[in-house]
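Undergrad: If it helps, the file is called upload.cif and holds mmCIF, C-alpha atoms and all ligand atoms:
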data_data
#
loop_
_atom_site.label_atom_id
_atom_site.label_comp_id
_atom_site.auth_asym_id
_atom_site.auth_seq_id
_atom_site.Cartn_x
_atom_site.Cartn_y
_atom_site.Cartn_z
CA MET T 1 73.93 -23.31 -233.20
CA VAL T 2 72.13 -26.07 -231.33
CA ASP T 3 68.46 -26.72 -230.57
CA GLN T 4 68.93 -27.43 -226.89
CA VAL T 5 71.69 -26.82 -224.40
CA ILE T 6 72.14 -30.56 -223.81
CA ASP T 7 73.35 -30.84 -227.41
CA LEU T 8 76.50 -29.14 -226.07
CA VAL T 9 77.35 -31.94 -223.62
CA GLY T 10 80.73 -33.52 -224.37
CA ASP T 11 83.39 -32.68 -226.96
CA THR T 12 85.37 -30.89 -224.28
CA PRO T 13 88.81 -29.42 -225.11
CA LEU T 14 92.29 -30.55 -224.07
CA VAL T 15 94.60 -27.90 -222.63
CA ARG T 16 98.36 -28.27 -222.23
CA LEU T 17 99.41 -28.44 -218.56
CA THR T 18 103.09 -29.05 -219.08
CA SER T 19 103.86 -25.52 -217.81
CA MET T 20 102.58 -26.65 -214.39
CA VAL T 21 105.61 -28.94 -214.03
CA GLU T 22 107.88 -26.11 -212.98
CA ALA T 23 105.20 -24.24 -211.03
CA ALA T 24 104.50 -27.35 -208.96
CA ALA T 25 108.07 -28.49 -208.39
CA ASP T 26 108.19 -27.56 -204.68
CA LEU T 27 104.76 -28.99 -204.01
CA LEU T 28 105.64 -32.28 -205.66
CA ALA T 29 108.92 -32.54 -203.80
CA GLY T 30 106.71 -32.59 -200.70
CA ALA T 31 106.70 -30.76 -197.40
CA ARG T 32 108.61 -33.64 -195.83
CA GLY T 33 111.62 -33.06 -198.04
CA GLU T 34 110.84 -36.04 -200.28
CA HIS T 35 111.91 -35.92 -203.88
CA ARG T 36 109.76 -38.76 -205.06
CA GLY T 37 108.42 -38.11 -208.53
CA ALA T 38 109.77 -34.57 -208.88
CA PRO T 39 109.24 -34.24 -212.61
CA ARG T 40 111.97 -34.07 -215.21
CA ARG T 41 111.30 -32.07 -218.34
CA GLY T 42 109.67 -34.25 -220.91
CA ALA T 43 106.33 -36.04 -220.90
CA GLU T 44 103.58 -33.79 -222.12
CA ILE T 45 100.46 -33.44 -219.95
CA LEU T 46 97.05 -32.47 -221.32
CA GLY T 47 94.03 -31.68 -219.14
CA LYS T 48 90.54 -32.53 -220.40
CA LEU T 49 88.37 -29.62 -219.30
CA GLU T 50 85.01 -31.00 -218.22
CA TYR T 51 83.74 -27.77 -216.63
CA ILE T 52 83.10 -26.63 -220.21
CA ASN T 53 80.01 -28.89 -220.19
CA PRO T 54 76.78 -26.82 -219.95
CA GLY T 55 75.94 -28.08 -216.43
CA GLY T 56 79.54 -27.42 -215.40
CA SER T 57 80.91 -30.93 -214.94
CA VAL T 58 81.75 -34.34 -216.39
CA LYS T 59 78.49 -35.64 -214.88
CA ASP T 60 76.39 -34.03 -217.64
CA ARG T 61 77.56 -36.91 -219.81
CA ILE T 62 76.19 -39.67 -217.61
CA ALA T 63 73.02 -37.75 -216.68
CA LEU T 64 72.10 -37.50 -220.34
CA ALA T 65 73.11 -41.09 -221.13
CA MET T 66 71.22 -42.57 -218.15
CA VAL T 67 68.03 -40.60 -218.99
CA ASP T 68 68.25 -41.49 -222.70
CA ALA T 69 68.61 -45.20 -221.88
CA ALA T 70 65.76 -45.15 -219.34
CA GLU T 71 63.48 -43.45 -221.88
CA ARG T 72 64.43 -45.98 -224.55
CA ASP T 73 63.49 -49.01 -222.50
CA GLY T 74 60.48 -47.44 -220.80
CA ARG T 75 61.81 -47.13 -217.23
CA LEU T 76 61.18 -43.38 -217.55
CA ARG T 77 58.01 -42.17 -219.26
CA PRO T 78 56.61 -38.71 -220.05
CA GLY T 79 55.61 -36.92 -216.85
CA GLY T 80 57.83 -39.21 -214.75
CA THR T 81 59.90 -38.28 -211.71
CA ILE T 82 63.68 -38.66 -211.38
CA VAL T 83 64.75 -39.45 -207.79
CA GLU T 84 68.42 -39.64 -206.78
CA PRO T 85 70.41 -39.35 -203.54
CA THR T 86 72.97 -36.77 -204.69
CA SER T 87 74.13 -33.32 -203.77
CA GLY T 88 76.68 -32.88 -206.41
CA ASN T 89 77.39 -32.71 -210.08
CA THR T 90 75.18 -35.65 -211.08
CA GLY T 91 72.20 -33.78 -209.59
CA VAL T 92 72.96 -30.71 -211.69
CA GLY T 93 73.23 -32.80 -214.86
CA LEU T 94 69.97 -34.64 -214.14
CA ALA T 95 68.16 -31.41 -213.21
CA MET T 96 69.29 -29.80 -216.46
CA VAL T 97 68.11 -32.75 -218.58
CA ALA T 98 64.84 -32.95 -216.59
CA ALA T 99 64.14 -29.22 -217.12
CA ILE T 100 64.36 -29.69 -220.89
CA ARG T 101 62.46 -32.99 -221.06
CA GLY T 102 59.72 -32.02 -218.59
CA TYR T 103 60.44 -34.47 -215.75
CA ARG T 104 60.02 -33.73 -212.08
CA CYS T 105 63.24 -34.11 -210.12
CA VAL T 106 63.63 -34.93 -206.43
CA PHE T 107 67.08 -35.06 -204.80
CA THR T 108 67.82 -36.21 -201.27
CA MET T 109 70.99 -35.09 -199.56
CA PRO T 110 72.58 -34.95 -196.11
CA ASP T 111 72.27 -31.73 -194.10
CA LYS T 112 76.05 -31.14 -194.15
CA ILE T 113 75.75 -30.06 -197.79
CA SER T 114 76.02 -26.31 -198.24
CA GLU T 115 72.97 -24.14 -198.92
CA GLU T 116 74.72 -22.97 -202.07
CA LYS T 117 74.65 -26.48 -203.57
CA ARG T 118 70.96 -26.95 -202.75
CA ALA T 119 70.25 -23.57 -204.34
CA VAL T 120 71.80 -24.64 -207.67
CA LEU T 121 69.50 -27.67 -207.89
CA ARG T 122 66.42 -25.62 -206.92
CA ALA T 123 67.37 -23.03 -209.55
CA TYR T 124 66.85 -25.73 -212.22
CA GLY T 125 63.41 -26.46 -210.73
CA ALA T 126 64.39 -29.56 -208.74
CA GLU T 127 62.98 -30.39 -205.29
CA VAL T 128 65.50 -30.95 -202.51
CA VAL T 129 64.85 -33.11 -199.44
CA VAL T 130 67.39 -32.52 -196.67
CA CYS T 131 68.11 -35.53 -194.41
CA PRO T 132 70.24 -35.93 -191.26
CA THR T 133 73.96 -36.57 -191.89
CA ALA T 134 74.67 -38.31 -188.61
CA VAL T 135 72.76 -41.54 -189.28
CA ASP T 136 73.72 -44.91 -190.75
CA PRO T 137 73.09 -45.40 -194.52
CA ASP T 138 70.59 -48.15 -193.54
CA ASP T 139 68.71 -45.89 -191.14
CA PRO T 140 65.26 -45.00 -192.57
CA ARG T 141 66.13 -41.30 -192.13
CA SER T 142 69.34 -41.47 -194.23
CA TYR T 143 69.30 -39.74 -197.59
CA TYR T 144 69.73 -43.12 -199.32
CA SER T 145 66.72 -44.63 -197.52
CA VAL T 146 64.57 -41.55 -198.07
CA ALA T 147 65.34 -41.59 -201.81
CA ARG T 148 64.35 -45.29 -201.97
CA GLU T 149 61.11 -44.59 -200.12
CA ILE T 150 60.19 -41.64 -202.38
CA THR T 151 60.90 -43.81 -205.45
CA ARG T 152 58.68 -46.59 -204.07
CA LYS T 153 55.78 -44.28 -203.24
CA THR T 154 55.82 -41.99 -206.27
CA PRO T 155 54.00 -43.25 -209.39
CA GLY T 156 56.27 -43.01 -212.46
CA ALA T 157 59.40 -42.56 -210.35
CA TRP T 158 62.80 -43.73 -211.60
CA SER T 159 66.11 -43.67 -209.76
CA PRO T 160 69.17 -43.63 -212.05
CA ASP T 161 71.50 -44.91 -209.27
CA GLN T 162 74.82 -43.79 -210.72
CA TYR T 163 76.72 -46.28 -208.49
CA SER T 164 75.18 -49.33 -210.16
CA ASN T 165 73.91 -48.05 -213.51
CA PRO T 166 75.90 -49.55 -216.43
CA ASP T 167 74.94 -46.52 -218.58
CA ASN T 168 77.34 -44.48 -216.42
CA PRO T 169 80.60 -46.17 -217.58
CA ALA T 170 79.01 -46.78 -221.01
CA ALA T 171 78.65 -43.00 -221.51
CA HIS T 172 82.41 -42.55 -221.07
CA ARG T 173 83.20 -45.51 -223.29
CA ALA T 174 81.05 -43.97 -226.01
CA THR T 175 82.12 -40.32 -225.71
CA THR T 176 84.98 -39.32 -223.36
CA GLY T 177 87.32 -42.14 -224.45
CA PRO T 178 86.86 -41.67 -228.22
CA GLU T 179 87.29 -37.87 -227.85
CA ILE T 180 90.67 -38.36 -226.13
CA TRP T 181 91.84 -40.80 -228.80
CA ARG T 182 90.66 -38.52 -231.63
CA ASP T 183 92.03 -35.28 -230.14
CA THR T 184 95.48 -36.76 -229.46
CA ALA T 185 95.50 -38.51 -232.86
CA GLY T 186 96.13 -41.79 -231.02
CA ARG T 187 99.26 -40.43 -229.29
CA VAL T 188 97.92 -40.76 -225.72
CA THR T 189 99.99 -43.20 -223.68
CA HIS T 190 98.61 -42.62 -220.14
CA PHE T 191 95.19 -41.66 -218.79
CA VAL T 192 94.78 -40.30 -215.26
CA ALA T 193 91.44 -39.77 -213.46
CA GLY T 194 89.98 -39.69 -209.97
CA ILE T 195 87.64 -42.52 -209.00
CA GLY T 196 84.22 -41.80 -207.50
CA THR T 197 81.61 -44.15 -208.96
CA GLY T 198 84.47 -45.32 -211.18
CA GLY T 199 82.34 -44.60 -214.26
CA THR T 200 84.85 -42.25 -215.87
CA ILE T 201 88.00 -44.32 -215.40
CA SER T 202 86.27 -47.60 -216.28
CA GLY T 203 84.57 -46.39 -219.47
CA VAL T 204 87.50 -44.33 -220.74
CA GLY T 205 90.00 -46.99 -219.64
CA GLN T 206 88.14 -49.80 -221.42
CA TYR T 207 87.94 -47.80 -224.64
CA LEU T 208 91.55 -46.62 -224.66
CA LYS T 209 92.89 -50.10 -223.83
CA GLU T 210 90.87 -51.64 -226.63
CA VAL T 211 91.65 -49.07 -229.30
CA SER T 212 95.39 -49.06 -228.47
CA GLY T 213 95.71 -52.83 -228.18
CA GLY T 214 96.44 -52.53 -224.45
CA ARG T 215 99.19 -49.92 -224.87
CA VAL T 216 97.52 -47.07 -222.93
CA GLN T 217 98.18 -47.18 -219.19
CA VAL T 218 95.33 -46.19 -216.85
CA ILE T 219 96.14 -44.54 -213.53
CA GLY T 220 93.62 -43.83 -210.76
CA ALA T 221 94.10 -40.81 -208.49
CA ASP T 222 92.71 -41.45 -205.04
CA PRO T 223 92.45 -39.50 -201.78
CA GLU T 224 94.65 -40.97 -199.01
CA GLY T 225 92.32 -43.08 -196.85
CA SER T 226 89.95 -44.22 -199.62
CA VAL T 227 89.53 -47.93 -200.37
CA TYR T 228 90.81 -47.66 -203.94
CA SER T 229 94.35 -47.02 -202.74
CA GLY T 230 94.19 -49.55 -199.94
CA GLY T 231 92.67 -47.34 -197.23
CA SER T 232 89.88 -48.17 -194.84
CA GLY T 233 87.48 -45.38 -195.85
CA ARG T 234 89.09 -42.92 -193.42
CA PRO T 235 87.66 -39.43 -193.89
CA TYR T 236 89.26 -36.99 -196.32
CA LEU T 237 88.07 -33.66 -197.61
CA VAL T 238 88.39 -33.88 -201.40
CA GLU T 239 84.85 -34.15 -202.81
CA GLY T 240 83.49 -36.43 -205.52
CA VAL T 241 86.26 -39.03 -205.43
CA GLY T 242 87.30 -41.95 -203.23
CA GLU T 243 84.88 -44.32 -201.56
CA ASP T 244 84.41 -46.49 -198.52
CA ILE T 245 82.81 -49.21 -200.66
CA TRP T 246 83.52 -50.69 -204.13
CA PRO T 247 80.70 -49.63 -206.50
CA ALA T 248 79.44 -51.91 -209.30
CA THR T 249 80.27 -49.19 -211.86
CA PHE T 250 84.02 -49.50 -211.17
CA ASP T 251 85.90 -51.97 -213.37
CA LYS T 252 89.12 -52.34 -211.45
CA THR T 253 90.63 -54.62 -214.12
CA VAL T 254 91.35 -51.63 -216.39
CA VAL T 255 93.32 -49.71 -213.76
CA ASP T 256 97.07 -50.38 -213.89
CA ARG T 257 97.94 -48.37 -210.82
CA VAL T 258 96.36 -46.17 -208.16
CA GLU T 259 98.20 -43.16 -206.79
CA ALA T 260 97.19 -41.88 -203.33
CA VAL T 261 97.25 -38.09 -202.90
CA SER T 262 96.77 -36.15 -199.65
CA ASP T 263 94.11 -33.48 -199.13
CA ARG T 264 96.87 -30.94 -198.65
CA ASP T 265 98.60 -31.66 -201.95
CA SER T 266 95.25 -31.84 -203.79
CA PHE T 267 94.14 -28.43 -202.51
CA LEU T 268 97.47 -26.67 -202.96
CA MET T 269 97.58 -27.93 -206.54
CA THR T 270 93.97 -26.82 -207.10
CA ARG T 271 94.92 -23.28 -206.01
CA LEU T 272 98.04 -23.37 -208.16
CA LEU T 273 95.99 -24.37 -211.23
CA ALA T 274 93.89 -21.22 -210.81
CA ARG T 275 96.86 -18.94 -210.21
CA ARG T 276 99.33 -20.32 -212.73
CA ALA T 277 97.23 -21.90 -215.45
CA GLY T 278 94.09 -19.72 -215.09
CA LEU T 279 92.04 -22.87 -214.53
CA LEU T 280 89.44 -22.39 -211.79
CA VAL T 281 88.73 -26.08 -211.15
CA GLY T 282 87.60 -28.29 -208.25
CA GLY T 283 89.61 -30.23 -205.67
CA SER T 284 89.42 -33.56 -207.50
CA CYS T 285 91.16 -31.82 -210.43
CA GLY T 286 94.06 -30.80 -208.18
CA LEU T 287 94.20 -34.38 -206.92
CA ALA T 288 94.34 -35.84 -210.44
CA VAL T 289 96.94 -33.29 -211.58
CA VAL T 290 99.24 -34.18 -208.65
CA ALA T 291 99.04 -37.84 -209.74
CA ALA T 292 99.63 -36.86 -213.40
CA LEU T 293 102.68 -34.73 -212.56
CA ARG T 294 104.23 -37.45 -210.39
CA LEU T 295 103.69 -39.90 -213.24
CA ALA T 296 105.11 -37.52 -215.86
CA GLY T 297 108.30 -37.39 -213.80
CA GLU T 298 108.82 -41.09 -214.47
CA LEU T 299 108.10 -40.97 -218.20
CA ASP T 300 109.89 -40.18 -221.45
CA PRO T 301 109.45 -37.07 -223.58
CA ASP T 302 107.47 -38.93 -226.22
CA ASP T 303 104.88 -40.08 -223.69
CA LEU T 304 101.58 -38.20 -223.57
CA VAL T 305 99.52 -38.05 -220.38
CA VAL T 306 95.84 -37.04 -220.45
CA VAL T 307 94.32 -36.09 -217.11
CA LEU T 308 90.58 -35.60 -216.66
CA LEU T 309 89.49 -32.42 -214.83
CA PRO T 310 85.89 -33.09 -213.65
CA ASP T 311 84.45 -29.75 -212.53
CA SER T 312 84.78 -26.03 -211.87
CA GLY T 313 86.20 -24.31 -208.80
CA ARG T 314 83.06 -22.17 -208.38
CA GLY T 315 81.57 -24.76 -206.04
CA TYR T 316 84.53 -24.59 -203.66
CA LEU T 317 85.02 -20.85 -203.08
CA SER T 318 84.20 -21.10 -199.38
CA LYS T 319 86.58 -24.04 -198.89
CA ILE T 320 89.66 -24.61 -201.05
CA PHE T 321 89.85 -21.00 -202.23
CA ASN T 322 89.18 -19.57 -198.77
CA ASP T 323 92.47 -18.89 -196.93
CA GLU T 324 90.85 -19.11 -193.47
CA TRP T 325 89.47 -22.56 -194.23
CA MET T 326 92.89 -23.68 -195.49
CA TYR T 327 94.54 -22.35 -192.29
CA ASP T 328 91.96 -24.09 -190.08
CA TYR T 329 92.86 -27.46 -191.56
CA GLY T 330 96.57 -26.71 -191.52
CA PHE T 331 96.90 -26.88 -195.32
CA LEU T 332 98.35 -23.36 -195.41
CA GLU T 333 100.46 -21.50 -192.85
CA PRO T 334 98.75 -18.31 -191.71
CA PRO T 335 100.98 -15.29 -192.38
CA SER T 336 103.13 -14.68 -189.34
CA ASP T 337 102.84 -11.27 -187.69
CA GLU T 338 106.01 -11.71 -185.63
CA PRO T 339 108.17 -9.20 -187.56
CA VAL T 340 105.57 -6.48 -186.90
CA VAL T 341 105.52 -7.32 -183.18
CA ALA T 342 109.33 -7.25 -183.11
CA GLU T 343 109.35 -3.82 -184.71
CA VAL T 344 106.90 -2.41 -182.17
CA LEU T 345 108.90 -3.81 -179.31
N1 LIG C 1 85.31 -35.40 -209.33
C1 LIG C 1 84.12 -34.88 -209.03
C2 LIG C 1 84.04 -33.45 -208.57
C3 LIG C 1 82.97 -35.66 -209.11
O1 LIG C 1 81.77 -35.14 -208.80
C4 LIG C 1 83.10 -37.02 -209.52
C5 LIG C 1 81.88 -37.88 -209.57
N2 LIG C 1 81.54 -38.47 -208.32
C6 LIG C 1 84.35 -37.53 -209.81
C7 LIG C 1 85.44 -36.68 -209.73
C8 LIG C 1 84.60 -39.00 -210.17
O2 LIG C 1 83.96 -39.44 -211.33
P1 LIG C 1 83.38 -40.93 -211.41
O3 LIG C 1 82.14 -40.98 -210.55
O4 LIG C 1 83.05 -41.09 -212.86
O5 LIG C 1 84.39 -41.88 -210.94
#
Starting from the file, lay out its structure as structure tokens.
Ligand code: PMP
TA:
Amino acid sequence: MVDQVIDLVGDTPLVRLTSMVEAAADLLAGARGEHRGAPRRGAEILGKLEYINPGGSVKDRIALAMVDAAERDGRLRPGGTIVEPTSGNTGVGLAMVAAIRGYRCVFTMPDKISEEKRAVLRAYGAEVVVCPTAVDPDDPRSYYSVAREITRKTPGAWSPDQYSNPDNPAAHRATTGPEIWRDTAGRVTHFVAGIGTGGTISGVGQYLKEVSGGRVQVIGADPEGSVYSGGSGRPYLVEGVGEDIWPATFDKTVVDRVEAVSDRDSFLMTRLLARRAGLLVGGSCGLAVVAALRLAGELDPDDLVVVLLPDSGRGYLSKIFNDEWMYDYGFLEPPSDEPVVAEVL
């Protein structure tokens, strides 16, 4: 039993994903007939299930850590207001912590964000300010600028700014990394994670490198087009990962290699995880698992890969898990009705 639901943040389980190797063989071989990285039997793969967190994602960890630190040094005081430009998992984590600690929460977000996502934040009692998507980040109407303006004008306002806040990677260094080391009894040899703010991969990577004397390899999984894998910031559809800028929270010195993964492969793997492993997880999980499986194909049986799975698939039912949406983007072939037509003729 716990006193408060935030006492349940962290200590997430590892689940064996090695059975996905066979299930994903065709997908990994690639639609273009490539056989790069098609996995051999061998290296074990474990997924760290972050949707088990009470707010439903890995971001509960940093929300709690950033609020705790701000309270400690007086940046956030009783009755204060938390202001952040976010539509996603960080907002949910902050709203959950704010509900328990009695803070007001204001989130700004672009109007392309689904009503469903706004509704989750409002359900926790947060206020949501919707801003135009089609403006420059520097434009006073952008959701970044509006958040800055609300912070400036509101007495007792504090903006965590997950892209520059050192408590973001520090949370993973203090919790996620040690959990992986403990739960694998120091057997982990490779860590794979997507890179958004870079907080997860930097904090976990720093810890695992230190505790293993540099033995653990750290692999970033990145959407094709994002800057982390050498892209120009070209648009992609996987949410929560990849950037068009390099955030201060990303320590690129701990990353040994970055693997670029297409939207198509990320989403097909995400659907496969639900259907074969019973894991209803988000698109960035599919992305990271593709990278982990490719890697496992190059490794030996005594290697142990841990891949971080950031959130649940519930937030993507109208996209990745919607066949029509997948057809529209060409990620799935619509079923052909030709045989029926032939029969009628
Ligand atoms: N996946 C999802 C769904 C996310 O919301 C995030 C956070 N932006 C990430 C992956 C990446 O985590 P990080 O910001 O710690 O790099």
Undergrad: Rank nothing, just name the residue among T:Phe250, T:Tyr207, T:Tyr327, T:Trp158 nearest to ligand LIG 1 (chain C), using all atoms listed in the file.
TA: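 For ligand LIG 1 (chain C), the nearest of the given residues is T:Phe250.
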Undergrad: Give me the residues within 8 Å of stretch 187-190 of chain T as an mmCIF file with C-alpha atoms, keeping the file's coordinate frame, counting only C-alpha atoms and dropping any in the same chain fewer than 5 places off.
TA:
data_model
loop_
_atom_site.group_PDB
_atom_site.id
_atom_site.type_symbol
_atom_site.label_atom_id
_atom_site.label_comp_id
_atom_site.auth_asym_id
_atom_site.auth_seq_id
_atom_site.Cartn_x
_atom_site.Cartn_y
_atom_site.Cartn_z
ATOM 1 C CA ILE T 180 90.670 -38.360 -226.130
ATOM 2 C CA TRP T 181 91.840 -40.800 -228.800
ATOM 3 C CA ARG T 215 99.190 -49.920 -224.870
ATOM 4 C CA VAL T 216 97.520 -47.070 -222.930
ATOM 5 C CA GLN T 217 98.180 -47.180 -219.190
ATOM 6 C CA VAL T 218 95.330 -46.190 -216.850
ATOM 7 C CA ILE T 219 96.140 -44.540 -213.530
ATOM 8 C CA ASP T 303 104.880 -40.080 -223.690
ATOM 9 C CA LEU T 304 101.580 -38.200 -223.570
ATOM 10 C CA VAL T 305 99.520 -38.050 -220.380
ATOM 11 C CA VAL T 306 95.840 -37.040 -220.450
#
Undergrad: What separation in Å, quoted to one decimal, exists between atom CA of T:Tyr329 and atom CA of T:Tyr236?
TA: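 Going from atom CA of T:Tyr329 over to atom CA of T:Tyr236 covers 11.2 Å.
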Undergrad: What gap, in Å, lies between atom CA of T:Leu295 and atom CA of T:Phe331?
TA: 23.2 Å
Undergrad: Report, in Å to a single decimal, how far apart atom CA of T:Tyr163 and atom CA of T:Ile6 are.
TA: 22.4 Å
